Amino acid sequence: MIKDALEHFGKFVAWQPQIYKKPENRSMYQKEIIRQMYDIGIGSLGIVFLISIFIGAVTSVQFYYQMEGTLIPPYYIGYVVRDMTIIELAPTITCLVLAGKVGSNMAAEIGGMRQKEHIDAMEIMGVNTSAYLVMPKTVAAVLVIPILVCVAAILSLLGAYVASVPTGLFTAAEYTRGVRSFFIPYNVFMMLVKAVVFAYILTSVSCYQGYFVKGGSIELGAASTRAVVFSDILILLSDYIIAVLLTA
Amino acid sequence: MIRAENIYKSFGDQEVLKGISFTFEAGKNNLIIGRSGAGKTVLLKILVGLFPPTAGKVWYNDQNLCVLKPQELRQLRLKVGMLFQGNALFDSMTIEENIRFPMDMFTKRTPAEKQKQVDYCLERVSLSGINKKFPSEISGGMQKRVGIARAIVLEPKYLFCDEPNSGLDPKTAITIDDLINGITKENKITTIINTHDMNSVMEIGDNICLVDHGKLAWQGNKSEVLSSKNETLHDFIFASPFLQKLVNQINADKI
């Protein structure tokens with residue numbers, strides 16, 4: 001198993017220079033990047049909206065439950081929800097969900113092209129398929145996913161407000177005061193670093209799984225599943241590494 | 001001209017090709033024939049550069065395909081067109097977009113020039129007027145012809161066809177053969193066709209390479225097929241009981 005993992009890692013690393021080569025035709029790549037940005041960005045807004053609202057809502061309700069009856073002032077809930085969201089929940093949960101939605105889609109799309117000989121056809125035309133099929137997806141994801149993460153962070157704060165203030169857990173003034181207290185801009189930088197790294201991981205791992213798929217529809221399904229599982233594992237691992245590096 | 005020189009190919013312990021050498025001539029229909037599993041498709045994929053051979057060389061005139069750098073290989077491939085067994089048309093693109101794709105990627109032609117070339121290619125394969133349809137909206141035979149149109153859009157010097165007649169009725173298969181033959185002769189290109197369709201062998205086989213168990217079993221042209229005493233060729237040609245009966249009947253009538 002370790003040998004397999006190392007083999008795949010080596011193959012993955014050796015494959016990366018093929019992806020970032022000079023495009024045969026810049027305008028074709030630009031068109032593809034814009035199409036991918038639309039698919040990833042607009043196509044994922046719904047799920048990001050839903051998840052972010054609920055994450056914010058649940059976080060605020062549970063913090064209120066833990067802090068109720070303590071000496072900690074209620075406005076601290078806004079502060080904790082904000083930092084939890086920015087530093088951890090918005091980038092990590094959003095990217096874990098996107099690995100399931102966008103990553104599996106990419107693996108299935110490229111894997112399907114491999115099985116239908118579309119990739120062979122492009123190779124014979126002279127297209128660098130590693131670059132044409134993967135680079136636009138990666139570039140689009142690295143540009144769009146940080147924006148989605150920012151949207152997720154804002155929506156989470158909104159979700160926390162909606163779940164707590166109208167239900168009387170604390171007042172709007174307390175929540176607003178908490179959200180505005182002890183703000184450290186560096187945390188936003190940390191969120192964006194995570195978003196960029198996670199975006200790269202989820203696209204490149206998923207594309208790798210699709211590009212090198214062998215066999216039929218069962219293998220394609222398995223590749224799609226592996227794309228999600230490995231992306232999720234690597235996102236969590238890199239989350240820890242980034243946290244250690246950026247908070248040291 | 002393409003020349004295969006002592007080609008070997010193994011997948012793990014399984015040796016698929018065992019030292020094949022053959023010259024595929026320009027301006028001719030070069031047929032690779034043989035039974036299923038004989039190694040035809042592997043040979044074709046080695047010739048086109050999709051598989052590297054375990055040993056041996058593939059020469060495109062004076063260029064050895066096996067030692068080309070990726071950039072040189074891509075330059076060479078601009079001179080290559082290929083029709084795949086399953087057509088390999090891009091499902092999410094219209095017929096016009098499929099044919100235009102190589103031009104979009106590699107040429108700086110104006111939209112009007114590209115449109116003219118797309119229309120010419122569609123007319124050449126007798127499919128004018130289906131520009132806006134998707135591959136799923138046309139028949140298998142039409143998809144083959146669109147595949148040919150896409151393969152010839154950049155005016156290649158080398159045309160590869162993998163089982164062009166598979167899954168087609170005999171009449172449509174003849175149309176495809178005639179089309180490939182016409183394109184080969186008109187443009188004097190090197191066409192390599194991988195087939196086990198006997199009609200193709202007898203109608204357009206200018207230069208035939210019979211592969212059996214990974215080895216070159218026979219070579220010749222369509223006029224030499226019936227007079228050949230080669231057993232492997234005989235077994236392959238007359239594998240159909242119907243054909244065997246027909247030949248016996250003709251021989252009996254002659255007597």
# chains A, B, ... in the order shown; residues from 1 in each chain; ligands from 1

call {"tool": "residues_around", "arguments": {"residues": "Ile40 in chain A", "least_positions_apart": "6", "cutoff": "10 Å", "atoms": "only C-alpha atoms", "output": "number ranges by chain"}}
result
A: 34, 98, 101-103, 137, 140-141, 144-145, 148

call {"tool": "write_last_selection", "arguments": {"atoms": "N, CA and C atoms", "output": "compact mmCIF listing (two decimals), in the first residue's frame"}}
result
# COMPACT_ATOMS: atom_id res chain seq x y z
N ILE A 34 -12.32 30.42 -18.73
CA ILE A 34 -13.55 31.16 -18.42
C ILE A 34 -14.73 30.19 -18.25
N LEU A 98 -16.47 21.08 -2.04
CA LEU A 98 -16.15 21.26 -3.47
C LEU A 98 -15.36 20.07 -4.02
N LYS A 101 -18.07 17.84 -5.03
CA LYS A 101 -18.87 18.29 -6.18
C LYS A 101 -18.00 18.51 -7.42
N VAL A 102 -17.05 19.40 -7.31
CA VAL A 102 -16.22 19.78 -8.47
C VAL A 102 -15.19 18.69 -8.79
N GLY A 103 -14.52 18.18 -7.74
CA GLY A 103 -13.45 17.20 -7.94
C GLY A 103 -13.95 15.93 -8.61
N LYS A 137 -8.49 24.09 -15.72
CA LYS A 137 -9.29 23.74 -14.53
C LYS A 137 -8.59 24.22 -13.27
N ALA A 140 -8.59 28.09 -13.12
CA ALA A 140 -9.94 28.57 -12.80
C ALA A 140 -10.26 28.33 -11.32
N ALA A 141 -9.92 27.15 -10.83
CA ALA A 141 -10.22 26.83 -9.43
C ALA A 141 -9.44 27.73 -8.48
N VAL A 144 -11.19 31.12 -8.60
CA VAL A 144 -12.59 31.21 -8.19
C VAL A 144 -12.84 30.72 -6.76
N ILE A 145 -12.15 29.66 -6.37
CA ILE A 145 -12.45 29.07 -5.05
C ILE A 145 -12.15 30.05 -3.90
N LEU A 148 -15.18 32.04 -3.62
CA LEU A 148 -16.27 31.26 -3.01
C LEU A 148 -16.08 31.15 -1.50

call {"tool": "interface_residues", "arguments": {"of": "chain A", "to": "chain B", "cutoff": "9 Å", "atoms": "only C-alpha atoms", "output": "PyMOL selection string"}}
result
chain A and resi 24-28+113+116-128

call {"tool": "select_by_dssp", "arguments": {"residues": "range 23-240 of chain A", "states": "alpha helix (DSSP H)", "output": "ChimeraX atom specification"}}
result
/A:26-67,76-84,90-98,104-115,118-125,129-164,172-180,185-211,217-240

call {"tool": "residues_around", "arguments": {"residues": "Lys194 in chain A", "least_positions_apart": "3", "cutoff": "10 Å", "atoms": "only C-alpha atoms", "output": "number ranges by chain"}}
result
A: 87-88, 90-92, 95, 146, 149, 188-191, 197-200, 235, 238-239, 242-243

call {"tool": "residues_around", "arguments": {"residues": "Ser164 in chain A", "least_positions_apart": "2", "cutoff": "12 Å", "atoms": "only C-alpha atoms", "output": "VMD selection string"}}
result
chain A and resid 54 56 to 65 74 to 75 77 to 78 81 157 to 162 166 to 176

call {"tool": "residues_around", "arguments": {"residues": "Ile183 in chain B", "least_positions_apart": "5", "cutoff": "10 Å", "atoms": "only C-alpha atoms", "output": "list in words"}}
result
Gly27, Asn29, Arg124, Val125, Ile148, Ile152, Leu159, Asp177, Asp178, Lys188, Ile189 and Thr191 of chain B

call {"tool": "closest_residue", "arguments": {"among": "B:Lys229, B:Lys57, B:Lys222, B:His213", "to": "Ser36 in chain B", "atoms": "only C-alpha atoms"}}
result
B:His213

call {"tool": "closest_residue", "arguments": {"among": "A:Cys207, A:Val196, A:Ile184, A:Ala152", "to": "Phe49 in chain A", "atoms": "only C-alpha atoms"}}
result
A:Ala152

call {"tool": "atom_distance", "arguments": {"atom1": "CA of Ile53 in chain A", "atom2": "CA of Ala99 in chain A"}}
result
19.1 Å

call {"tool": "residues_around", "arguments": {"residues": "Asn187 in chain A", "least_positions_apart": "6", "cutoff": "10 Å", "atoms": "only C-alpha atoms", "output": "list in words"}}
result
Asp83, Met84, Ile86, Ile87, Glu88, Val193, Leu246 and Thr247 of chain A

call {"tool": "closest_residue", "arguments": {"among": "B:Thr172, B:Thr232, B:Thr94, B:Asn187", "to": "Asn199 in chain B", "atoms": "only C-alpha atoms"}}
result
B:Thr172
